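Data from coords-v8.cif: mmCIF, C-alpha atoms and all ligand atoms
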data_my_file
#
loop_
_atom_site.label_atom_id
_atom_site.label_comp_id
_atom_site.auth_asym_id
_atom_site.auth_seq_id
_atom_site.Cartn_x
_atom_site.Cartn_y
_atom_site.Cartn_z
CA MET A 125 -16.83 12.49 -22.37
CA ILE A 126 -15.37 9.22 -21.03
CA LYS A 127 -17.90 7.35 -18.88
CA LYS A 128 -15.94 4.29 -17.72
CA ILE A 129 -12.19 3.63 -17.58
CA PHE A 130 -11.07 0.00 -17.24
CA ILE A 131 -7.51 -0.24 -15.92
CA LEU A 132 -5.58 -3.54 -16.01
CA THR A 133 -2.37 -3.53 -13.97
CA GLY A 134 0.51 -6.01 -13.91
CA ALA A 135 3.76 -6.48 -12.03
CA GLY A 136 5.35 -3.49 -13.76
CA ILE A 137 3.31 -1.02 -11.72
CA SER A 138 4.84 -2.42 -8.51
CA ALA A 139 8.40 -2.82 -9.86
CA GLU A 140 9.56 0.62 -8.64
CA SER A 141 8.19 -0.19 -5.20
CA GLY A 142 10.79 -2.96 -5.07
CA ILE A 143 8.61 -5.98 -5.91
CA PRO A 144 10.30 -8.03 -8.67
CA THR A 145 8.34 -8.65 -11.87
CA PHE A 146 8.11 -12.17 -13.28
CA ARG A 147 9.58 -12.08 -16.80
CA ASP A 148 12.02 -9.17 -16.85
CA ALA A 149 15.75 -9.76 -16.40
CA GLY A 150 16.21 -11.17 -12.90
CA GLY A 151 12.46 -11.72 -12.65
CA LEU A 152 10.88 -14.15 -10.22
CA TRP A 153 10.38 -16.94 -12.78
CA GLN A 154 14.08 -16.81 -13.62
CA ARG A 155 14.96 -17.51 -10.01
CA VAL A 156 12.23 -19.90 -8.92
CA ASP A 157 10.67 -22.81 -10.85
CA LEU A 158 7.05 -21.70 -11.23
CA ASN A 159 5.96 -25.34 -11.65
CA LYS A 160 7.11 -26.03 -8.12
CA VAL A 161 5.57 -22.97 -6.38
CA ALA A 162 2.75 -21.67 -8.60
CA THR A 163 0.79 -24.76 -9.70
CA PRO A 164 -1.67 -27.04 -7.88
CA GLU A 165 0.61 -29.99 -8.73
CA GLY A 166 3.58 -28.24 -7.11
CA PHE A 167 1.54 -27.61 -3.96
CA GLN A 168 0.41 -31.24 -3.91
CA GLU A 169 4.03 -32.37 -4.30
CA ASP A 170 5.60 -30.15 -1.63
CA PRO A 171 3.22 -27.87 0.29
CA ASP A 172 5.92 -26.77 2.73
CA LEU A 173 8.11 -25.48 -0.12
CA VAL A 174 5.14 -23.51 -1.48
CA HIS A 175 4.25 -22.10 1.96
CA GLU A 176 7.89 -21.05 2.40
CA PHE A 177 7.83 -19.24 -0.99
CA TYR A 178 4.65 -17.31 -0.13
CA ASN A 179 5.76 -16.66 3.49
CA LYS A 180 8.91 -15.00 2.04
CA ARG A 181 6.91 -12.91 -0.47
CA ARG A 182 4.48 -11.85 2.28
CA LYS A 183 7.39 -10.66 4.47
CA GLU A 184 8.89 -8.72 1.50
CA LEU A 185 5.53 -7.10 0.72
CA LEU A 186 5.22 -5.72 4.25
CA LYS A 187 8.60 -3.96 3.79
CA VAL A 188 7.71 -2.05 0.59
CA LYS A 189 5.28 0.76 -0.14
CA PRO A 190 3.20 2.14 -3.00
CA ASN A 191 4.91 4.31 -5.63
CA PRO A 192 3.60 7.42 -7.46
CA ALA A 193 1.84 5.22 -10.05
CA HIS A 194 -0.35 3.61 -7.36
CA TYR A 195 -1.12 7.00 -5.81
CA ALA A 196 -2.00 8.48 -9.21
CA LEU A 197 -4.60 5.73 -9.83
CA ALA A 198 -6.09 6.37 -6.38
CA LYS A 199 -6.35 10.08 -7.28
CA LEU A 200 -8.02 9.16 -10.60
CA GLU A 201 -10.50 6.94 -8.74
CA ARG A 202 -11.32 9.84 -6.37
CA GLU A 203 -11.48 12.70 -8.86
CA PHE A 204 -12.61 11.23 -12.18
CA PRO A 205 -16.29 12.18 -12.77
CA GLY A 206 -17.06 8.82 -14.45
CA GLU A 207 -16.35 5.27 -13.25
CA VAL A 208 -12.87 3.79 -12.73
CA VAL A 209 -12.52 -0.01 -12.55
CA ILE A 210 -9.10 -1.31 -11.50
CA VAL A 211 -8.45 -4.98 -12.29
CA THR A 212 -5.05 -6.15 -11.14
CA GLN A 213 -3.09 -9.32 -11.90
CA ASN A 214 -0.91 -8.44 -8.90
CA VAL A 215 -1.33 -10.16 -5.55
CA ASP A 216 0.22 -7.26 -3.62
CA ASP A 217 -1.94 -4.74 -1.70
CA LEU A 218 -0.17 -1.61 -2.95
CA HIS A 219 -3.23 -0.29 -4.82
CA GLU A 220 -5.22 -0.48 -1.59
CA ARG A 221 -2.44 1.02 0.51
CA ALA A 222 -2.29 3.94 -1.96
CA GLY A 223 -5.98 4.58 -1.31
CA CYS A 224 -7.75 2.70 -4.10
CA ARG A 225 -11.09 1.40 -2.85
CA ASN A 226 -12.46 -1.00 -5.42
CA VAL A 227 -9.66 -3.17 -6.75
CA ILE A 228 -10.50 -6.50 -8.40
CA HIS A 229 -7.73 -9.04 -7.72
CA MET A 230 -8.15 -11.54 -10.55
CA HIS A 231 -5.11 -13.58 -9.43
CA GLY A 232 -5.92 -13.44 -5.72
CA GLU A 233 -4.06 -11.77 -2.85
CA LEU A 234 -0.77 -12.55 -1.10
CA LEU A 235 -2.13 -11.36 2.28
CA LYS A 236 -4.98 -13.89 2.22
CA VAL A 237 -5.11 -17.66 2.77
CA ARG A 238 -7.96 -20.08 2.03
CA CYS A 239 -9.00 -23.30 3.74
CA MET A 240 -9.37 -26.09 1.16
CA PHE A 241 -11.69 -27.94 3.56
CA CYS A 242 -14.22 -25.32 4.70
CA GLY A 243 -13.53 -22.76 1.94
CA LYS A 244 -13.15 -19.80 4.31
CA VAL A 245 -10.70 -17.00 3.30
CA PHE A 246 -8.66 -15.17 5.96
CA ARG A 247 -6.35 -12.17 6.01
CA GLU A 248 -2.82 -13.41 6.81
CA THR A 249 0.28 -11.23 7.16
CA GLY A 250 2.43 -13.83 8.94
CA ASP A 251 3.74 -17.29 8.09
CA VAL A 252 1.61 -20.31 7.21
CA PHE A 253 2.72 -23.94 7.43
CA THR A 254 1.08 -27.28 6.74
CA SER A 255 0.84 -27.56 10.54
CA THR A 256 -1.16 -24.30 10.81
CA PRO A 257 -4.79 -25.09 11.72
CA CYS A 258 -7.63 -23.39 9.86
CA PRO A 259 -8.86 -20.56 12.15
CA SER A 260 -12.43 -21.65 11.41
CA CYS A 261 -12.70 -25.43 11.06
CA LYS A 262 -9.40 -26.04 12.97
CA ARG A 263 -8.33 -28.63 10.40
CA LYS A 264 -4.54 -28.92 9.88
CA GLY A 265 -2.86 -29.02 6.47
CA SER A 266 -5.87 -27.49 4.70
CA LEU A 267 -4.65 -23.88 4.31
CA ARG A 268 -3.28 -22.62 0.95
CA PRO A 269 -2.33 -19.18 -0.39
CA HIS A 270 -5.44 -17.40 -1.74
CA VAL A 271 -3.72 -16.83 -5.09
CA VAL A 272 -4.56 -18.21 -8.55
CA TRP A 273 -1.94 -20.67 -9.77
CA PHE A 274 -1.20 -21.64 -13.38
CA GLY A 275 -3.93 -23.96 -14.60
CA GLU A 276 -6.52 -22.46 -12.21
CA VAL A 277 -9.39 -20.16 -13.17
CA PRO A 278 -8.88 -16.47 -12.30
CA PHE A 279 -11.39 -14.86 -9.90
CA PHE A 280 -14.29 -12.48 -10.79
CA LEU A 281 -14.17 -13.18 -14.55
CA ASP A 282 -17.93 -12.61 -15.04
CA LYS A 283 -17.73 -9.16 -13.45
CA ILE A 284 -14.52 -8.35 -15.33
CA LEU A 285 -16.00 -9.28 -18.72
CA LYS A 286 -19.07 -7.15 -18.01
CA GLU A 287 -16.92 -4.14 -17.12
CA LEU A 288 -14.85 -4.71 -20.30
CA GLU A 289 -18.01 -4.67 -22.40
CA GLU A 290 -19.05 -1.32 -20.92
CA CYS A 291 -15.77 0.63 -20.79
CA ASP A 292 -14.94 3.35 -23.30
CA LEU A 293 -11.28 3.61 -22.29
CA PHE A 294 -9.07 0.55 -21.63
CA VAL A 295 -5.61 1.09 -20.12
CA ALA A 296 -3.02 -1.67 -19.51
CA ILE A 297 -0.21 -0.68 -17.15
CA GLY A 298 2.98 -2.71 -16.57
CA THR A 299 1.95 -6.06 -17.97
CA SER A 300 3.77 -8.18 -20.55
CA GLY A 301 0.54 -9.28 -22.24
CA THR A 302 1.64 -12.92 -22.12
CA VAL A 303 -0.73 -14.56 -19.62
CA TYR A 304 -4.37 -15.23 -20.55
CA PRO A 305 -7.17 -14.39 -20.01
CA ALA A 306 -5.78 -10.97 -18.94
CA ALA A 307 -3.70 -10.65 -22.12
CA GLY A 308 -6.88 -11.01 -24.17
CA PHE A 309 -8.82 -8.21 -22.41
CA VAL A 310 -7.53 -5.52 -24.81
CA GLU A 311 -9.01 -7.38 -27.77
CA LEU A 312 -12.45 -7.55 -26.13
CA ALA A 313 -12.31 -3.85 -25.24
CA ARG A 314 -11.16 -2.88 -28.73
CA LYS A 315 -13.87 -4.99 -30.40
CA GLN A 316 -16.62 -3.13 -28.52
CA GLY A 317 -15.18 0.24 -29.45
CA ALA A 318 -13.06 1.28 -26.45
CA LYS A 319 -9.90 3.31 -26.95
CA CYS A 320 -6.93 1.18 -25.80
CA VAL A 321 -3.83 2.68 -24.21
CA GLU A 322 -0.66 0.80 -23.23
CA ILE A 323 1.56 2.22 -20.46
CA ASN A 324 4.72 0.14 -20.09
CA LEU A 325 8.51 0.23 -19.95
CA LYS A 326 8.63 -1.35 -23.41
CA PRO A 327 6.11 -2.80 -25.91
CA ALA A 328 4.16 -5.74 -24.49
CA GLU A 329 3.59 -8.87 -26.53
CA ASN A 330 0.11 -7.64 -27.50
CA ALA A 331 1.24 -4.01 -28.05
CA HIS A 332 -0.06 -4.08 -31.65
CA LEU A 333 -3.63 -4.23 -30.34
CA PHE A 334 -3.42 -0.84 -28.61
CA HIS A 335 -4.29 2.54 -30.21
CA GLU A 336 -1.88 4.56 -28.05
CA HIS A 337 1.44 3.74 -26.34
CA ARG A 338 3.27 5.50 -23.52
CA TYR A 339 6.70 4.02 -22.75
CA GLY A 340 8.64 4.81 -19.61
CA PRO A 341 8.64 3.94 -15.90
CA ALA A 342 5.12 3.70 -14.44
CA SER A 343 6.04 6.09 -11.60
CA LYS A 344 6.49 8.81 -14.24
CA GLU A 345 4.08 7.84 -17.03
CA VAL A 346 1.00 7.01 -14.91
CA PRO A 347 0.85 10.31 -12.95
CA LYS A 348 1.35 12.18 -16.25
CA TRP A 349 -1.46 10.24 -17.94
CA VAL A 350 -3.81 10.71 -14.92
CA GLU A 351 -3.28 14.50 -14.95
CA GLU A 352 -4.09 14.57 -18.67
CA VAL A 353 -7.28 12.53 -18.25
CA LEU A 354 -8.46 14.65 -15.31
CA SER A 355 -7.74 17.94 -17.12
CA THR A 356 -9.50 16.89 -20.36
CA GLN A 357 -12.50 15.60 -18.39
CA SER A 358 -12.88 18.82 -16.41
CA SER A 359 -12.60 21.16 -19.43
N1 LIG B 401 7.21 0.65 -15.25
C1 LIG B 401 6.34 0.17 -16.17
N2 LIG B 401 6.39 -1.10 -16.66
C2 LIG B 401 7.36 -1.89 -16.18
C3 LIG B 401 8.32 -1.46 -15.22
C4 LIG B 401 8.21 -0.12 -14.76
N3 LIG B 401 9.08 0.38 -13.86
N4 LIG B 401 9.17 -2.49 -14.97
C5 LIG B 401 8.75 -3.53 -15.72
N5 LIG B 401 7.67 -3.18 -16.47
C6 LIG B 401 6.88 -4.00 -17.39
C7 LIG B 401 7.72 -4.93 -18.24
O1 LIG B 401 8.12 -4.27 -19.43
C8 LIG B 401 6.69 -6.05 -18.55
O2 LIG B 401 5.91 -5.70 -19.69
O3 LIG B 401 6.06 -4.83 -16.61
C9 LIG B 401 5.79 -6.04 -17.31
C10 LIG B 401 6.06 -7.20 -16.38
O4 LIG B 401 5.69 -8.37 -17.07
P1 LIG B 401 5.56 -9.73 -16.23
O5 LIG B 401 6.77 -9.89 -15.36
O6 LIG B 401 5.20 -10.79 -17.21
O7 LIG B 401 4.33 -9.46 -15.24
P2 LIG B 401 2.78 -9.59 -15.56
O8 LIG B 401 2.48 -9.17 -16.95
O9 LIG B 401 2.07 -8.90 -14.45
O10 LIG B 401 2.53 -11.18 -15.41
C11 LIG B 401 1.19 -11.62 -15.52
O11 LIG B 401 1.89 -13.84 -14.90
O12 LIG B 401 3.27 -15.07 -13.55
C12 LIG B 401 1.96 -14.69 -13.73
O13 LIG B 401 0.31 -14.46 -12.09
C13 LIG B 401 1.49 -13.89 -12.55
O14 LIG B 401 0.08 -11.96 -12.50
C14 LIG B 401 1.22 -12.51 -13.13
C15 LIG B 401 0.98 -12.80 -14.60
#

Step by step, read the file and then write its structure as structure tokens.
Ligand code: APR
Amino acid sequence: MIKKIFILTGAGISAESGIPTFRDAGGLWQRVDLNKVATPEGFQEDPDLVHEFYNKRRKELLKVKPNPAHYALAKLEREFPGEVVIVTQNVDDLHERAGCRNVIHMHGELLKVRCMFCGKVFRETGDVFTSTPCPSCKRKGSLRPHVVWFGEVPFFLDKILKELEECDLFVAIGTSGTVYPAAGFVELARKQGAKCVEINLKPAENAHLFHEHRYGPASKEVPKWVEEVLSTQSS
């Protein structure tokens, strides 16, 4: 009987919703220089360019919707008799819009901004500029996307590592296994005895660390896997 499932999702779970991944053909990092838009140095250098990049991604996010993979995880969260922990590297809100209730965003969220002066975090679905005042302390030029850039520490790592220690099933969905610390989670889960399953379009860089592999589009493979887990748990 599985007591706790730890699910790590990456850009691949949102690909069929129309959100580009980062490292596939035509991916985001082939079109935009990540050093300019996804590092603290890049933001320091040209904050308006960075705000423009995130304003564009925010607009695109509001036009897309969850796909069957997101809905399947929400069903698992509702119907699984044990605990389901969803940790996502994605900054989109498609898990939440599909009905998931406790999603841990380790790389932050596109629909949130943070004031570097007073530290407050706000929901933001519109555009932000260096001229936009902080809604709380009213300071100008102090707002930044509430996302984790390269070289910054991901959020909620203590909680994530605790959940990893306690899970008996670890599932990675739609992630290339190239960015740490997320890419190292499978090793921690495996070391403490969890069964590790990879669901992806093709083998991730750390595929060799998984016990089971399911290759195909997430919109097909995730609902299939969820039905299997729910039927074995109820029998
Ligand atoms: N179904 C399932 N998997 C898919 C699909 C699909 N339809 N399309 C693509 N994939 C898989 C690819 O095979 C690849 O393994 O999704 C993965 C996407 O890999 P990346 O683009 O590297 O995305 P991700 O692993 O989430 O990147 C991790 O890197 O740039 C940073 O912060 C960013 O959170 C991101 C992190």

Test item: residues at most 8 Å from Ile126 in chain A, only C-alpha atoms, excluding those fewer than 6 positions along its chain, as a ChimeraX atom specification: /A:206,292-293,357

Shell of 6 Å around ligand LIG 401 (chain B) (all atoms listed in the file), written as a list of chain:residue names: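 After applying the 6 Å limit, what remains is A:Gly134, A:Ala135, A:Gly136, A:Ile137, A:Ala139, A:Glu140, A:Thr145, A:Phe146, A:Arg147, A:Asp148, A:Gln213, A:Asn214, A:Gly298, A:Thr299, A:Ser300, A:Gly301, A:Val303, A:Asn324, A:Leu325, A:Lys326, A:Ala328, A:Pro341, A:Ala342.
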
Among the residues A:Ile297, A:Ile210, A:Cys239, A:Ala318, the one that comes closest to Ile284 in chain A [using all atoms listed in the file]: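 Between A:Ile297, A:Ile210, A:Cys239, A:Ala318, the residue approaching Ile284 in chain A most closely is A:Ile210.
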
Which of A:Gly150, A:Pro347, A:Gly250, A:Pro305 sits closest to Ile323 in chain A [using all atoms listed in the file]: A:Pro347

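You will find CA of Ala198 in chain A at 26.7 Å from CA of Tyr178 in chain A.
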
From A:Ser358, A:Leu312, A:His175, A:Lys183, residue lying nearest Pro205 in chain A [only C-alpha atoms]: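 Counting only C-alpha atoms, the residue closest to Pro205 in chain A is A:Ser358.
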
Test item: which residues lie within 6 Å of (-8.9, -6.6, -10.8) counting all atoms listed in the file, as an NGL selection string: :A and (210-212 or 227-230)

Residue nearest Val208 in chain A - candidates A:Gly166, A:Leu132, A:Trp349, A:Gly232, atoms counted: all atoms listed in the file: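 Ranked by minimum distance to Val208 in chain A, first place goes to A:Leu132.
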
Option closest in space to Ser138 in chain A, from A:Arg225, A:His194, A:Lys264, A:Lys319 [counting all atoms listed in the file]: A:His194

Just add all heavy atoms to range 265-276 of chain A and send it as a PDB file, in the coordinates of the input.
ATOM      1  N   GLY A 265      -3.310 -28.626   7.808  1.00  0.00           N
ATOM      2  CA  GLY A 265      -2.860 -29.020   6.470  1.00  0.00           C
ATOM      3  C   GLY A 265      -3.833 -28.627   5.383  1.00  0.00           C
ATOM      4  O   GLY A 265      -3.692 -29.044   4.243  1.00  0.00           O
ATOM      5  N   SER A 266      -4.865 -27.817   5.732  1.00  0.00           N
ATOM      6  CA  SER A 266      -5.870 -27.490   4.700  1.00  0.00           C
ATOM      7  C   SER A 266      -5.765 -26.042   4.218  1.00  0.00           C
ATOM      8  O   SER A 266      -6.549 -25.610   3.383  1.00  0.00           O
ATOM      9  CB  SER A 266      -7.279 -27.715   5.284  1.00  0.00           C
ATOM     10  OG  SER A 266      -7.449 -26.836   6.388  1.00  0.00           O
ATOM     11  N   LEU A 267      -4.780 -25.293   4.740  1.00  0.00           N
ATOM     12  CA  LEU A 267      -4.650 -23.880   4.310  1.00  0.00           C
ATOM     13  C   LEU A 267      -3.742 -23.774   3.080  1.00  0.00           C
ATOM     14  O   LEU A 267      -2.742 -24.476   2.970  1.00  0.00           O
ATOM     15  CB  LEU A 267      -4.074 -23.032   5.445  1.00  0.00           C
ATOM     16  CG  LEU A 267      -4.963 -22.866   6.683  1.00  0.00           C
ATOM     17  CD1 LEU A 267      -4.255 -21.991   7.721  1.00  0.00           C
ATOM     18  CD2 LEU A 267      -6.316 -22.254   6.314  1.00  0.00           C
ATOM     19  N   ARG A 268      -4.114 -22.904   2.142  1.00  0.00           N
ATOM     20  CA  ARG A 268      -3.280 -22.620   0.950  1.00  0.00           C
ATOM     21  C   ARG A 268      -3.299 -21.122   0.695  1.00  0.00           C
ATOM     22  O   ARG A 268      -4.227 -20.416   1.122  1.00  0.00           O
ATOM     23  CB  ARG A 268      -3.780 -23.362  -0.271  1.00  0.00           C
ATOM     24  CG  ARG A 268      -5.177 -23.004  -0.743  1.00  0.00           C
ATOM     25  CD  ARG A 268      -5.442 -23.428  -2.177  1.00  0.00           C
ATOM     26  NE  ARG A 268      -4.864 -22.444  -3.118  1.00  0.00           N
ATOM     27  CZ  ARG A 268      -4.925 -22.602  -4.454  1.00  0.00           C
ATOM     28  NH1 ARG A 268      -5.468 -23.671  -4.983  1.00  0.00           N
ATOM     29  NH2 ARG A 268      -4.413 -21.680  -5.242  1.00  0.00           N
ATOM     30  N   PRO A 269      -2.281 -20.603  -0.031  1.00  0.00           N
ATOM     31  CA  PRO A 269      -2.330 -19.180  -0.390  1.00  0.00           C
ATOM     32  C   PRO A 269      -3.585 -18.890  -1.220  1.00  0.00           C
ATOM     33  O   PRO A 269      -3.963 -19.714  -2.066  1.00  0.00           O
ATOM     34  CB  PRO A 269      -1.066 -18.980  -1.231  1.00  0.00           C
ATOM     35  CG  PRO A 269      -0.153 -20.103  -0.856  1.00  0.00           C
ATOM     36  CD  PRO A 269      -1.051 -21.264  -0.531  1.00  0.00           C
ATOM     37  N   HIS A 270      -4.234 -17.744  -0.956  1.00  0.00           N
ATOM     38  CA  HIS A 270      -5.440 -17.400  -1.740  1.00  0.00           C
ATOM     39  C   HIS A 270      -4.997 -16.673  -3.017  1.00  0.00           C
ATOM     40  O   HIS A 270      -5.340 -15.525  -3.259  1.00  0.00           O
ATOM     41  CB  HIS A 270      -6.364 -16.518  -0.884  1.00  0.00           C
ATOM     42  CG  HIS A 270      -7.699 -16.226  -1.533  1.00  0.00           C
ATOM     43  ND1 HIS A 270      -8.554 -17.222  -1.982  1.00  0.00           N
ATOM     44  CD2 HIS A 270      -8.314 -15.052  -1.803  1.00  0.00           C
ATOM     45  CE1 HIS A 270      -9.626 -16.667  -2.517  1.00  0.00           C
ATOM     46  NE2 HIS A 270      -9.510 -15.346  -2.417  1.00  0.00           N
ATOM     47  N   VAL A 271      -4.174 -17.374  -3.794  1.00  0.00           N
ATOM     48  CA  VAL A 271      -3.720 -16.830  -5.090  1.00  0.00           C
ATOM     49  C   VAL A 271      -4.087 -17.837  -6.175  1.00  0.00           C
ATOM     50  O   VAL A 271      -4.292 -19.014  -5.905  1.00  0.00           O
ATOM     51  CB  VAL A 271      -2.202 -16.543  -5.117  1.00  0.00           C
ATOM     52  CG1 VAL A 271      -1.798 -15.543  -4.062  1.00  0.00           C
ATOM     53  CG2 VAL A 271      -1.414 -17.820  -4.974  1.00  0.00           C
ATOM     54  N   VAL A 272      -4.182 -17.350  -7.417  1.00  0.00           N
ATOM     55  CA  VAL A 272      -4.560 -18.210  -8.550  1.00  0.00           C
ATOM     56  C   VAL A 272      -3.284 -18.749  -9.178  1.00  0.00           C
ATOM     57  O   VAL A 272      -2.438 -17.975  -9.629  1.00  0.00           O
ATOM     58  CB  VAL A 272      -5.372 -17.402  -9.590  1.00  0.00           C
ATOM     59  CG1 VAL A 272      -5.716 -18.281 -10.786  1.00  0.00           C
ATOM     60  CG2 VAL A 272      -6.651 -16.857  -8.952  1.00  0.00           C
ATOM     61  N   TRP A 273      -3.121 -20.046  -9.181  1.00  0.00           N
ATOM     62  CA  TRP A 273      -1.940 -20.670  -9.770  1.00  0.00           C
ATOM     63  C   TRP A 273      -2.160 -20.970 -11.251  1.00  0.00           C
ATOM     64  O   TRP A 273      -3.293 -20.954 -11.728  1.00  0.00           O
ATOM     65  CB  TRP A 273      -1.619 -21.963  -9.005  1.00  0.00           C
ATOM     66  CG  TRP A 273      -1.017 -21.692  -7.652  1.00  0.00           C
ATOM     67  CD1 TRP A 273      -0.167 -20.673  -7.308  1.00  0.00           C
ATOM     68  CD2 TRP A 273      -1.244 -22.443  -6.449  1.00  0.00           C
ATOM     69  NE1 TRP A 273       0.141 -20.742  -5.975  1.00  0.00           N
ATOM     70  CE2 TRP A 273      -0.465 -21.816  -5.439  1.00  0.00           C
ATOM     71  CE3 TRP A 273      -1.989 -23.570  -6.137  1.00  0.00           C
ATOM     72  CZ2 TRP A 273      -0.452 -22.306  -4.132  1.00  0.00           C
ATOM     73  CZ3 TRP A 273      -1.963 -24.060  -4.839  1.00  0.00           C
ATOM     74  CH2 TRP A 273      -1.188 -23.430  -3.841  1.00  0.00           C
ATOM     75  N   PHE A 274      -1.081 -21.263 -11.959  1.00  0.00           N
ATOM     76  CA  PHE A 274      -1.200 -21.640 -13.380  1.00  0.00           C
ATOM     77  C   PHE A 274      -2.100 -22.872 -13.476  1.00  0.00           C
ATOM     78  O   PHE A 274      -1.979 -23.793 -12.663  1.00  0.00           O
ATOM     79  CB  PHE A 274       0.191 -21.926 -13.957  1.00  0.00           C
ATOM     80  CG  PHE A 274       1.007 -20.677 -14.107  1.00  0.00           C
ATOM     81  CD1 PHE A 274       1.914 -20.314 -13.125  1.00  0.00           C
ATOM     82  CD2 PHE A 274       0.836 -19.834 -15.199  1.00  0.00           C
ATOM     83  CE1 PHE A 274       2.658 -19.147 -13.238  1.00  0.00           C
ATOM     84  CE2 PHE A 274       1.577 -18.669 -15.326  1.00  0.00           C
ATOM     85  CZ  PHE A 274       2.484 -18.325 -14.333  1.00  0.00           C
ATOM     86  N   GLY A 275      -3.006 -22.830 -14.431  1.00  0.00           N
ATOM     87  CA  GLY A 275      -3.930 -23.960 -14.600  1.00  0.00           C
ATOM     88  C   GLY A 275      -5.209 -23.778 -13.800  1.00  0.00           C
ATOM     89  O   GLY A 275      -6.137 -24.572 -13.919  1.00  0.00           O
ATOM     90  N   GLU A 276      -5.277 -22.721 -12.967  1.00  0.00           N
ATOM     91  CA  GLU A 276      -6.520 -22.460 -12.210  1.00  0.00           C
ATOM     92  C   GLU A 276      -7.274 -21.289 -12.849  1.00  0.00           C
ATOM     93  O   GLU A 276      -6.685 -20.474 -13.559  1.00  0.00           O
ATOM     94  CB  GLU A 276      -6.182 -22.149 -10.734  1.00  0.00           C
ATOM     95  CG  GLU A 276      -5.560 -23.347 -10.016  1.00  0.00           C
ATOM     96  CD  GLU A 276      -5.327 -23.088  -8.527  1.00  0.00           C
ATOM     97  OE1 GLU A 276      -4.948 -21.940  -8.165  1.00  0.00           O
ATOM     98  OE2 GLU A 276      -5.514 -24.033  -7.748  1.00  0.00           O
TER      99      GLU A 276
END
